[in-house]
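Source file: model.tsv. Holds: TSV, C-alpha atoms.
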chain	number	residue	atom	x	y	z
O	1	MET	CA	177.43	102.12	-25.25
O	2	ASP	CA	177.92	98.70	-23.75
O	3	PRO	CA	177.36	96.14	-26.53
O	4	ASP	CA	175.53	93.82	-24.14
O	5	SER	CA	173.08	96.43	-22.89
O	6	VAL	CA	169.43	96.10	-23.82
O	7	GLN	CA	169.25	99.51	-25.51
O	8	PHE	CA	172.24	98.73	-27.68
O	9	ILE	CA	170.83	95.39	-28.79
O	10	PHE	CA	167.51	97.02	-29.60
O	11	LEU	CA	169.02	99.86	-31.63
O	12	ASN	CA	171.47	97.57	-33.32
O	13	ALA	CA	168.75	95.19	-34.51
O	14	ALA	CA	166.35	97.96	-35.50
O	15	ILE	CA	168.63	100.40	-37.29
O	16	VAL	CA	172.36	99.74	-37.50
O	17	ASN	CA	172.11	96.12	-38.61
O	18	ASN	CA	168.60	96.38	-39.97
O	19	PHE	CA	167.39	92.87	-40.79
O	20	VAL	CA	166.15	93.72	-44.25
O	21	LEU	CA	168.52	96.38	-45.49
O	22	ALA	CA	171.80	95.27	-43.97
O	23	LEU	CA	171.46	91.53	-43.38
O	24	PHE	CA	169.15	90.66	-46.31
O	25	LEU	CA	166.69	88.72	-44.19
O	26	GLY	CA	163.05	88.76	-45.20
O	27	ILE	CA	163.52	90.11	-48.70
O	28	CYS	CA	160.54	88.20	-50.11
O	29	PRO	CA	157.82	90.00	-48.11
O	30	PHE	CA	159.87	93.19	-48.40
O	31	LEU	CA	159.47	93.11	-52.16
O	32	GLY	CA	156.12	91.32	-52.17
O	33	VAL	CA	153.92	93.20	-49.71
O	34	SER	CA	155.40	96.66	-49.94
O	35	ALA	CA	153.14	98.02	-52.66
O	36	LYS	CA	150.65	99.70	-50.28
O	37	LYS	CA	151.36	101.41	-46.98
O	38	GLU	CA	148.45	99.85	-45.14
O	39	THR	CA	149.26	96.23	-45.95
O	40	ALA	CA	152.91	96.92	-45.26
O	41	TRP	CA	152.02	98.20	-41.79
O	42	ASN	CA	149.84	95.19	-41.00
O	43	MET	CA	152.41	92.78	-42.35
O	44	GLY	CA	155.02	94.44	-40.17
O	45	LEU	CA	152.85	94.05	-37.08
O	46	ALA	CA	152.07	90.40	-37.80
O	47	THR	CA	155.74	89.65	-38.40
O	48	MET	CA	156.73	91.47	-35.23
O	49	PHE	CA	154.29	89.37	-33.22
O	50	VAL	CA	155.51	86.10	-34.72
O	51	MET	CA	159.09	87.21	-34.08
O	52	LEU	CA	158.34	87.84	-30.43
O	53	VAL	CA	156.56	84.52	-29.92
O	54	SER	CA	159.16	82.46	-31.75
O	55	SER	CA	162.03	84.23	-30.02
O	56	VAL	CA	160.62	83.35	-26.60
O	57	CYS	CA	159.93	79.75	-27.69
O	58	ALA	CA	163.36	79.41	-29.28
O	59	TYR	CA	164.98	80.55	-26.06
O	60	GLY	CA	163.14	77.87	-24.06
O	61	ILE	CA	163.82	75.16	-26.63
O	62	ASN	CA	167.49	75.95	-26.76
O	63	LEU	CA	167.73	75.53	-22.99
O	64	LEU	CA	166.14	72.08	-23.34
O	65	LEU	CA	168.35	71.07	-26.28
O	66	VAL	CA	171.50	72.09	-24.46
O	67	ARG	CA	170.31	70.32	-21.31
O	68	PHE	CA	169.87	67.01	-23.16
O	69	ASP	CA	172.84	67.57	-25.48
O	70	ILE	CA	170.88	67.25	-28.72
O	71	GLU	CA	171.77	70.53	-30.43
O	72	PHE	CA	171.66	68.95	-33.88
O	73	LEU	CA	167.86	69.04	-33.63
O	74	ARG	CA	167.92	72.82	-33.25
O	75	LEU	CA	167.01	73.72	-36.81
O	76	ILE	CA	164.14	71.25	-37.02
O	77	SER	CA	162.60	72.24	-33.70
O	78	TYR	CA	162.92	75.96	-34.39
O	79	ILE	CA	161.19	75.71	-37.73
O	80	ALA	CA	158.41	73.59	-36.22
O	81	VAL	CA	157.83	76.20	-33.52
O	82	ILE	CA	157.76	79.03	-36.03
O	83	ALA	CA	155.28	77.16	-38.21
O	84	SER	CA	152.97	76.66	-35.24
O	85	ALA	CA	153.30	80.30	-34.15
O	86	VAL	CA	152.30	81.41	-37.63
O	87	GLN	CA	149.34	79.04	-37.54
O	88	LEU	CA	148.31	80.60	-34.22
O	89	VAL	CA	148.49	84.14	-35.59
O	90	GLU	CA	146.52	83.04	-38.62
O	91	MET	CA	143.70	81.58	-36.52
O	92	ALA	CA	143.62	84.58	-34.19
O	93	LEU	CA	143.46	87.02	-37.09
O	94	LYS	CA	140.76	85.03	-38.85
O	95	LYS	CA	138.64	85.19	-35.70
O	96	PHE	CA	139.23	88.75	-34.56
O	97	SER	CA	139.96	90.66	-37.76
O	98	PRO	CA	138.71	88.91	-40.91
O	99	GLY	CA	139.32	92.03	-43.02
O	100	LEU	CA	143.00	92.09	-42.21
O	101	PHE	CA	143.14	88.33	-42.71
O	102	ARG	CA	141.90	88.75	-46.28
O	103	ALA	CA	144.20	91.72	-46.95
O	104	LEU	CA	147.33	89.78	-46.02
O	105	GLY	CA	146.21	86.75	-48.01
O	106	ILE	CA	148.93	84.33	-49.06
O	107	PHE	CA	151.64	86.34	-47.33
O	108	LEU	CA	150.38	85.36	-43.89
O	109	PRO	CA	151.24	81.62	-44.14
O	110	LEU	CA	154.40	82.64	-45.97
O	111	ILE	CA	155.68	84.29	-42.78
O	112	THR	CA	156.78	80.74	-41.95
O	113	THR	CA	159.33	80.88	-44.73
O	114	ASN	CA	160.39	84.40	-43.84
O	115	CYS	CA	164.08	84.06	-43.16
O	116	ALA	CA	164.00	87.04	-40.82
O	117	ILE	CA	162.22	84.95	-38.21
O	118	LEU	CA	164.38	81.85	-38.37
O	119	GLY	CA	167.41	84.13	-38.66
O	120	LEU	CA	166.39	85.92	-35.48
O	121	ALA	CA	166.09	82.66	-33.57
O	122	LEU	CA	169.45	81.44	-34.87
O	123	PHE	CA	171.28	84.71	-34.21
O	124	GLN	CA	170.08	84.97	-30.65
O	125	THR	CA	171.32	81.43	-30.07
O	126	PHE	CA	174.72	82.05	-31.67
O	127	ARG	CA	175.23	85.26	-29.71
O	128	GLU	CA	174.13	83.60	-26.48
O	129	TYR	CA	171.71	86.31	-25.44
O	130	ASN	CA	169.93	85.91	-22.14
O	131	PHE	CA	166.16	86.12	-21.91
O	132	ILE	CA	165.85	89.92	-21.59
O	133	GLN	CA	168.40	90.47	-24.35
O	134	SER	CA	166.50	88.08	-26.61
O	135	LEU	CA	163.30	90.02	-26.02
O	136	ALA	CA	165.01	93.32	-26.87
O	137	PHE	CA	166.57	91.72	-29.94
O	138	SER	CA	163.29	90.36	-31.25
O	139	ILE	CA	161.38	93.59	-30.70
O	140	GLY	CA	164.20	95.56	-32.28
O	141	ALA	CA	164.24	93.27	-35.29
O	142	GLY	CA	160.46	93.57	-35.63
O	143	VAL	CA	160.59	97.35	-35.45
O	144	GLY	CA	163.40	97.41	-38.00
O	145	PHE	CA	161.46	95.14	-40.35
O	146	THR	CA	158.32	97.28	-40.08
O	147	LEU	CA	160.37	100.43	-40.61
O	148	ALA	CA	161.99	99.08	-43.75
O	149	LEU	CA	158.65	97.88	-45.09
O	150	MET	CA	156.97	101.24	-44.42
O	151	LEU	CA	159.78	103.25	-46.02
O	152	MET	CA	159.75	101.03	-49.07
O	153	SER	CA	155.96	101.16	-49.48
O	154	GLY	CA	156.00	104.95	-49.16
O	155	LEU	CA	158.60	105.16	-51.91
O	156	ARG	CA	156.75	102.73	-54.12
O	157	GLU	CA	153.45	104.58	-53.75
O	158	LYS	CA	155.20	107.70	-55.01
O	159	LEU	CA	156.82	105.73	-57.79
O	160	GLU	CA	153.39	104.77	-59.13
O	161	LEU	CA	153.05	108.34	-60.35
O	162	ALA	CA	156.52	108.63	-61.76
O	163	ARG	CA	157.33	107.99	-65.38
O	164	VAL	CA	160.16	105.50	-65.63
O	165	PRO	CA	161.48	103.81	-68.77
O	166	THR	CA	159.40	100.74	-69.65
O	167	VAL	CA	162.43	98.48	-69.28
O	168	SER	CA	162.87	99.29	-65.62
O	169	GLN	CA	159.29	98.89	-64.50
O	170	GLY	CA	158.60	96.32	-61.81
O	171	ALA	CA	161.16	94.28	-59.94
O	172	ALA	CA	164.29	95.94	-61.28
O	173	MET	CA	163.11	99.37	-60.15
O	174	SER	CA	162.16	98.07	-56.70
O	175	LEU	CA	165.59	96.54	-56.28
O	176	MET	CA	167.32	99.77	-57.24
O	177	LEU	CA	165.14	101.61	-54.72
O	178	ALA	CA	166.01	99.05	-52.06
O	179	GLY	CA	169.67	99.56	-52.88
O	180	LEU	CA	169.36	103.30	-52.31
O	181	LEU	CA	167.50	102.73	-49.03
O	182	SER	CA	170.18	100.31	-47.94
O	183	LEU	CA	172.83	102.87	-48.86
O	184	ALA	CA	171.05	105.40	-46.67
O	185	PHE	CA	170.94	102.96	-43.76
O	186	MET	CA	174.67	102.43	-44.04
O	187	GLY	CA	174.97	105.93	-42.67
O	188	PHE	CA	173.98	104.54	-39.29
O	189	ALA	CA	176.94	102.16	-39.31
O	190	GLY	CA	178.96	104.41	-37.02
O	191	LEU	CA	176.42	104.24	-34.18
O	192	GLY	CA	177.91	102.47	-31.20
O	193	SER	CA	180.59	99.93	-31.97
O	194	SER	CA	179.23	98.47	-35.17
O	195	HIS	CA	180.06	94.88	-35.78
O	196	ALA	CA	177.83	92.47	-37.69
Q	1	MET	CA	147.92	64.55	-53.26
Q	2	THR	CA	144.98	62.37	-52.38
Q	3	THR	CA	142.50	62.95	-55.17
Q	4	ALA	CA	142.74	63.25	-58.93
Q	5	PRO	CA	146.18	61.99	-59.97
Q	6	HIS	CA	148.08	64.72	-61.76
Q	7	LYS	CA	149.33	64.33	-65.26
Q	8	GLN	CA	152.72	62.69	-65.14
Q	9	GLU	CA	155.26	64.59	-67.12
Q	10	GLN	CA	157.64	62.87	-69.50
Q	11	VAL	CA	161.25	63.48	-68.59
Q	12	THR	CA	162.77	65.47	-71.43
Q	13	LEU	CA	165.68	67.81	-71.80
Q	14	ASP	CA	163.20	70.59	-71.26
Q	15	THR	CA	162.45	69.37	-67.73
Q	16	PHE	CA	166.06	70.15	-66.93
Q	17	LEU	CA	166.57	73.28	-69.01
Q	18	ARG	CA	163.42	75.01	-67.80
Q	19	GLY	CA	164.99	75.72	-64.42
Q	20	ILE	CA	168.03	77.30	-66.00
Q	21	TRP	CA	166.44	79.75	-68.37
Q	22	GLU	CA	162.65	79.90	-68.77
Q	23	GLU	CA	161.77	79.53	-65.09
Q	24	ASN	CA	165.05	80.56	-63.53
Q	25	PRO	CA	164.26	80.78	-59.82
Q	26	VAL	CA	166.17	84.00	-59.28
Q	27	PHE	CA	165.91	86.07	-62.45
Q	28	VAL	CA	162.43	85.06	-63.55
Q	29	MET	CA	160.53	83.95	-60.48
Q	30	LEU	CA	162.35	86.19	-57.97
Q	31	LEU	CA	162.44	83.47	-55.32
Q	32	GLY	CA	165.04	82.86	-52.66
Q	33	MET	CA	166.25	86.41	-52.71
Q	34	CYS	CA	167.81	86.40	-49.24
Q	35	PRO	CA	170.77	84.09	-49.89
Q	36	VAL	CA	171.11	85.49	-53.40
Q	37	LEU	CA	171.81	88.94	-52.04
Q	38	ALA	CA	173.51	88.05	-48.80
Q	39	VAL	CA	176.26	85.58	-49.68
Q	40	THR	CA	177.22	86.75	-53.16
Q	41	ASN	CA	179.94	89.15	-52.04
Q	42	SER	CA	182.54	86.72	-53.37
Q	43	THR	CA	182.61	84.08	-56.09
Q	44	LEU	CA	183.64	81.30	-53.74
Q	45	ASN	CA	180.76	81.95	-51.35
Q	46	ALA	CA	178.37	82.02	-54.29
Q	47	ILE	CA	179.56	78.63	-55.55
Q	48	ALA	CA	179.39	77.03	-52.11
Q	49	MET	CA	175.92	78.38	-51.46
Q	50	GLY	CA	174.73	77.30	-54.90
Q	51	LEU	CA	176.01	73.75	-54.46
Q	52	ALA	CA	174.55	73.45	-50.96
Q	53	THR	CA	171.16	74.59	-52.22
Q	54	LEU	CA	171.44	72.24	-55.21
Q	55	PHE	CA	172.03	69.28	-52.90
Q	56	VAL	CA	169.11	70.13	-50.63
Q	57	LEU	CA	166.85	70.69	-53.64
Q	58	VAL	CA	167.63	67.34	-55.21
Q	59	ALA	CA	167.58	65.35	-51.97
Q	60	SER	CA	164.33	66.82	-50.68
Q	61	GLY	CA	162.76	66.58	-54.14
Q	62	THR	CA	163.57	62.87	-54.27
Q	63	LEU	CA	162.21	62.14	-50.83
Q	64	VAL	CA	159.06	64.21	-51.26
Q	65	SER	CA	158.40	62.53	-54.59
Q	66	LEU	CA	158.92	59.06	-53.09
Q	67	LEU	CA	156.61	59.80	-50.18
Q	68	ARG	CA	154.03	61.73	-52.18
Q	69	LYS	CA	151.29	59.09	-51.80
Q	70	MET	CA	151.86	58.70	-48.06
Q	71	ILE	CA	151.83	62.31	-46.93
Q	72	PRO	CA	148.36	63.45	-45.83
Q	73	ARG	CA	147.29	66.63	-47.55
Q	74	GLU	CA	146.59	68.56	-44.35
Q	75	VAL	CA	150.08	68.32	-42.94
Q	76	ARG	CA	152.03	68.34	-46.19
Q	77	ILE	CA	153.76	71.71	-45.73
Q	78	ALA	CA	154.95	70.79	-42.24
Q	79	THR	CA	156.22	67.46	-43.56
Q	80	TYR	CA	158.10	69.11	-46.41
Q	81	ILE	CA	159.72	71.57	-44.03
Q	82	ILE	CA	160.86	68.80	-41.71
Q	83	ILE	CA	162.34	66.88	-44.67
Q	84	ILE	CA	164.12	69.99	-45.91
Q	85	ALA	CA	165.38	70.85	-42.43
Q	86	THR	CA	166.88	67.37	-42.09
Q	87	PHE	CA	168.91	67.72	-45.26
Q	88	VAL	CA	169.95	71.26	-44.38
Q	89	THR	CA	171.28	70.05	-41.04
Q	90	MET	CA	173.34	67.47	-42.95
Q	91	VAL	CA	174.75	70.11	-45.28
Q	92	ASP	CA	175.46	72.38	-42.34
Q	93	TYR	CA	177.58	69.76	-40.58
Q	94	ALA	CA	179.23	68.71	-43.86
Q	95	ILE	CA	180.40	72.23	-44.69
Q	96	GLN	CA	181.61	72.69	-41.15
Q	97	ALA	CA	183.72	69.55	-41.57
Q	98	ILE	CA	185.04	70.45	-45.02
Q	99	SER	CA	186.09	74.03	-44.46
Q	100	LEU	CA	185.63	76.04	-41.29
Q	101	ASP	CA	186.63	79.28	-43.06
Q	102	LEU	CA	183.87	78.84	-45.60
Q	103	TYR	CA	181.42	77.96	-42.83
Q	104	ASN	CA	182.25	81.15	-40.96
Q	105	SER	CA	181.98	83.37	-44.01
Q	106	LEU	CA	178.57	81.93	-44.95
Q	107	GLY	CA	177.38	82.22	-41.35
Q	108	ALA	CA	173.77	81.52	-40.56
Q	109	PHE	CA	172.85	81.48	-44.23
Q	110	ILE	CA	173.52	77.76	-44.58
Q	111	GLN	CA	170.90	77.00	-41.96
Q	112	LEU	CA	168.63	79.54	-43.56
Q	113	ILE	CA	168.45	77.34	-46.68
Q	114	VAL	CA	165.49	75.79	-44.83
Q	115	VAL	CA	163.39	78.84	-45.51
Q	116	ASN	CA	164.51	79.28	-49.12
Q	117	CYS	CA	161.22	79.54	-50.99
Q	118	VAL	CA	162.72	77.87	-54.08
Q	119	ILE	CA	162.99	74.55	-52.29
Q	120	LEU	CA	159.59	74.56	-50.63
Q	121	GLY	CA	158.08	75.85	-53.85
Q	122	ARG	CA	159.55	72.97	-55.86
Q	123	ALA	CA	158.42	70.42	-53.27
Q	124	GLU	CA	154.88	71.74	-53.29
Q	125	ALA	CA	154.45	72.55	-56.95
Q	126	TYR	CA	156.43	69.79	-58.62
Q	127	ALA	CA	157.94	66.98	-56.56
Q	128	SER	CA	154.68	66.19	-54.76
Q	129	ARG	CA	152.95	65.51	-58.09
Q	130	GLN	CA	155.53	63.87	-60.30
Q	131	ARG	CA	157.43	60.62	-60.44
Q	132	VAL	CA	160.88	60.46	-58.88
Q	133	GLY	CA	162.76	60.70	-62.17
Q	134	ALA	CA	161.04	63.87	-63.29
Q	135	ALA	CA	161.33	65.40	-59.82
Q	136	VAL	CA	165.07	64.78	-59.66
Q	137	VAL	CA	165.74	66.14	-63.14
Q	138	ASN	CA	163.64	69.21	-62.48
Q	139	ALA	CA	165.30	69.83	-59.10
Q	140	LEU	CA	168.72	69.50	-60.75
Q	141	GLY	CA	167.76	72.08	-63.37
Q	142	MET	CA	166.45	74.49	-60.75
Q	143	GLY	CA	169.54	74.01	-58.62
Q	144	VAL	CA	171.87	74.64	-61.53
Q	145	GLY	CA	169.83	77.71	-62.51
Q	146	PHE	CA	170.06	78.99	-58.96
Q	147	THR	CA	173.82	78.40	-58.86
Q	148	ILE	CA	174.31	80.18	-62.17
Q	149	ALA	CA	172.35	83.16	-60.89
Q	150	LEU	CA	174.44	83.27	-57.72
Q	151	LEU	CA	177.59	83.12	-59.85
Q	152	CYS	CA	176.35	85.96	-62.05
Q	153	LEU	CA	176.03	88.14	-58.97
Q	154	GLY	CA	179.07	86.84	-57.12
Q	155	THR	CA	181.57	87.36	-59.94
Q	156	VAL	CA	180.34	90.85	-60.77
Q	157	ARG	CA	180.37	91.93	-57.14
Q	158	GLU	CA	183.79	90.48	-56.43
Q	159	LEU	CA	185.24	91.84	-59.66
Q	160	LEU	CA	184.04	95.38	-59.04
Q	161	GLY	CA	184.23	95.39	-55.26
Q	162	ALA	CA	187.60	93.75	-54.74
Q	163	GLY	CA	189.10	93.68	-58.24
Q	164	SER	CA	189.58	89.93	-58.18
Q	165	ILE	CA	187.91	86.66	-59.14
Q	166	LEU	CA	188.10	83.72	-56.72
Q	167	GLY	CA	190.72	85.70	-54.81
Q	168	TYR	CA	193.05	86.20	-57.81
Q	169	PRO	CA	193.56	89.86	-58.72
Q	170	VAL	CA	192.39	90.69	-62.23
Q	171	PHE	CA	193.07	94.38	-62.64
Q	172	SER	CA	196.34	96.24	-62.31
Q	173	PRO	CA	197.33	97.17	-58.73
Q	174	ASP	CA	196.24	100.79	-59.10
Q	175	PHE	CA	192.61	99.71	-59.64
Q	176	GLN	CA	190.44	101.44	-57.09
Q	177	PRO	CA	187.87	98.88	-55.84
Q	178	TRP	CA	184.21	99.93	-55.64
Q	179	VAL	CA	183.81	98.94	-52.01
Q	180	VAL	CA	180.07	99.57	-52.12
Q	181	MET	CA	179.65	96.52	-54.36
Q	182	ILE	CA	180.68	94.12	-51.56
Q	183	LEU	CA	178.51	95.94	-49.03
Q	184	PRO	CA	174.74	95.32	-48.81
Q	185	PRO	CA	173.60	98.05	-51.27
Q	186	GLY	CA	175.81	96.54	-53.96
Q	187	GLY	CA	173.77	93.35	-53.86
Q	188	PHE	CA	170.58	95.22	-54.62
Q	189	PHE	CA	172.22	97.26	-57.37
Q	190	VAL	CA	173.84	94.32	-59.14
Q	191	LEU	CA	170.71	92.17	-59.04
Q	192	GLY	CA	168.67	95.15	-60.26
Q	193	SER	CA	171.08	95.64	-63.15
Q	194	TRP	CA	170.88	91.98	-64.18
Q	195	LEU	CA	167.09	92.17	-64.13
Q	196	LEU	CA	167.24	95.32	-66.25
Q	197	LEU	CA	169.49	93.58	-68.75
Q	198	PHE	CA	167.18	90.55	-69.04
Q	199	GLU	CA	164.11	92.75	-69.36
Q	200	TRP	CA	165.81	94.75	-72.09
Q	201	LEU	CA	166.78	91.59	-73.96
Q	202	LYS	CA	163.23	90.27	-73.65
Q	203	GLN	CA	161.66	93.48	-74.92
Q	204	ARG	CA	164.10	93.70	-77.79
Q	205	ARG	CA	163.29	90.14	-78.83
Q	206	GLU	CA	159.57	90.84	-78.67
Q	207	ARG	CA	160.02	93.98	-80.78
Q	208	ARG	CA	162.02	92.02	-83.34
Q	209	THR	CA	159.39	89.27	-83.64
Q	210	LEU	CA	156.70	91.90	-84.01
Q	211	GLN	CA	158.70	93.65	-86.70
Q	212	SER	CA	159.45	90.48	-88.65
Q	213	GLU	CA	155.78	89.46	-88.43
Q	214	GLY	CA	154.79	92.90	-89.62
Q	215	ALA	CA	157.28	92.67	-92.51
Q	216	THR	CA	156.00	89.29	-93.68
Q	217	ALA	CA	152.39	90.40	-93.38
Q	218	HIS	CA	153.20	93.50	-95.39
Q	219	GLY	CA	155.10	91.57	-98.04
Q	220	SER	CA	152.37	89.01	-98.72

Rendering of file as structure tokens:
Amino acid sequence: MDPDSVQFIFLNAAIVNNFVLALFLGICPFLGVSAKKETAWNMGLATMFVMLVSSVCAYGINLLLVRFDIEFLRLISYIAVIASAVQLVEMALKKFSPGLFRALGIFLPLITTNCAILGLALFQTFREYNFIQSLAFSIGAGVGFTLALMLMSGLREKLELARVPTVSQGAAMSLMLAGLLSLAFMGFAGLGSSHA
Amino acid sequence: MTTAPHKQEQVTLDTFLRGIWEENPVFVMLLGMCPVLAVTNSTLNAIAMGLATLFVLVASGTLVSLLRKMIPREVRIATYIIIIATFVTMVDYAIQAISLDLYNSLGAFIQLIVVNCVILGRAEAYASRQRVGAAVVNALGMGVGFTIALLCLGTVRELLGAGSILGYPVFSPDFQPWVVMILPPGGFFVLGSWLLLFEWLKQRRERRTLQSEGATAHGS
């Protein structure tokens, strides 16, 4: 497959170089909100939306920054845009779906400090994707994030019923599980020409 | 903070030590996981990342603490993020100037220090309420604790995954490296193992105190 094609970028971001399991972006919500399948699903959707919005904005901003030769402001302007996008999602959710708003709780504003989103904006700038490629990249990343979150929450729901040694309850067990998941995702590494 | 001035903490040794052991950002509070897992595939990367984070922590802590009476409550998070982003941009350019190799191996993770929850968490929970002195000491402690945690992971992963420390081979040449330790799953496994170890130590200590209390109660 051509590494610049839209399909390749999508698959690469979603599966081969999965943001959570291969690039370690967005670990906090991955460990924090993955206890129940339903919240994991909603969190994934909200993150995907923010990713899409901030990716489009970041693309526009980068054009402006390059035009006026002030690239050193990139980080600051990106993070400001992401913070506003999150605020927007928060207000929209509060208005249209108060139940979901309550279910996500503190993790909704924390999407701002989700490195997956800033990472996405930075990566698409470094790799010089054009507009369509950026869109594919952001949707792919969102799908990959949701997938990882769903898989993890499914495993953790099962784990509730399992009897594990008292020492390994909690975070340590989740990390081991994540390690196994990540190991499984490494199996996709051969798809296409895999380079990070 | 506009209303009700918070209790000002006296600067003691504990202000510093808390970040290293009791409230270690990585092992106890599980914050800032992304850089912890992503850049600890070698000791050198771990040290560089730890020092960069330490600098941003201290600098942003100082500024937030100095400006704490001027920042309106409603926009405080946005202000903190802008302050942090400024210092991260400085670190980013500094590392690029010092060593391009290091910069390339750390990749986007230097810029991603902006979204490290440890830093924002410190700004919000500590620096915005305390005097400059206390804020700096606390940020130093947290930064050192973070660096130590990164080192714990980095050395183990490099030792097992490449058979070397800081690039110098440790084992005999016929040592078969555990490549998985440098790859992403290794990060999860090593951090999980450290957490297991600390949990085990904690439980053992609790059991011992219980036992000794039981023994004294029985004896009296």

Skipping near chain neighbours, those fewer than 5 positions away, what residues fall within 10 Å of Leu120 of chain Q using only C-alpha atoms, listed as a list in words? Thr113 of chain O; Leu57, Ser60, Gly61, Ile77, Tyr80, Ile81, Ile84, Val114, Val115, Ala125, Tyr126 and Ala127 of chain Q

I'd like the contact shell of Ala52 of chain Q - 9 Å cut-off, all atoms listed in the file, skipping same-chain residues fewer than 4 positions apart - returned as number ranges by chain. Q: 47-48, 56-57, 88, 91-92, 95, 110, 113

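Look at Ser193 of chain Q: the protein and nucleic acid residues within 9 Å of it, using only C-alpha atoms and passing over chain neighbours fewer than 3 places away, are Ala172, Leu175 and Met176 of chain O; Phe188, Phe189, Val190, Leu196, Leu197 and Phe198 of chain Q.
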
Residues of chain O were defined as contacting chain Q if any atom lay at most 6 Å from it, counting all atoms listed in the file; please report them as an MDAnalysis selection string. chainID O and resid 22 24:25 27 76 113 115 167:168 172 175:176 179 182:183

Within 6 Å of segment 140-150 of chain O using only C-alpha atoms, minus same-chain residues under 3 positions, as a ChimeraX atom specification: /O:10,13-14,18,30,34,40,44,48,136-137,153

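In this model, the gap between atom CA of Tyr129 of chain O and atom CA of Ile9 of chain O comes to 9.7 Å.
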
Skip Asn42 of chain O itself and residues of its chain fewer than 4 positions away, then list as an MDAnalysis selection string all residues within 10 Å of it, counting only C-alpha atoms. chainID O and resid 33 37:38 46:48 100:101 103:104 146 150

Could you please take those selected residues and save C-alpha atoms as a PDB file, in the frame of the given file?
ATOM      1  CA  VAL O  33     153.920  93.200 -49.710  1.00  0.00           C
ATOM      2  CA  LYS O  37     151.360 101.410 -46.980  1.00  0.00           C
ATOM      3  CA  GLU O  38     148.450  99.850 -45.140  1.00  0.00           C
ATOM      4  CA  ALA O  46     152.070  90.400 -37.800  1.00  0.00           C
ATOM      5  CA  THR O  47     155.740  89.650 -38.400  1.00  0.00           C
ATOM      6  CA  MET O  48     156.730  91.470 -35.230  1.00  0.00           C
ATOM      7  CA  LEU O 100     143.000  92.090 -42.210  1.00  0.00           C
ATOM      8  CA  PHE O 101     143.140  88.330 -42.710  1.00  0.00           C
ATOM      9  CA  ALA O 103     144.200  91.720 -46.950  1.00  0.00           C
ATOM     10  CA  LEU O 104     147.330  89.780 -46.020  1.00  0.00           C
ATOM     11  CA  THR O 146     158.320  97.280 -40.080  1.00  0.00           C
ATOM     12  CA  MET O 150     156.970 101.240 -44.420  1.00  0.00           C
TER      13      MET O 150
END

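Minimum atom-to-atom distances from O:Met173, O:Ser138, O:Pro29, O:Phe19 to Trp41 of chain O were compared using all atoms listed in the file, and the lowest value belongs to O:Pro29.
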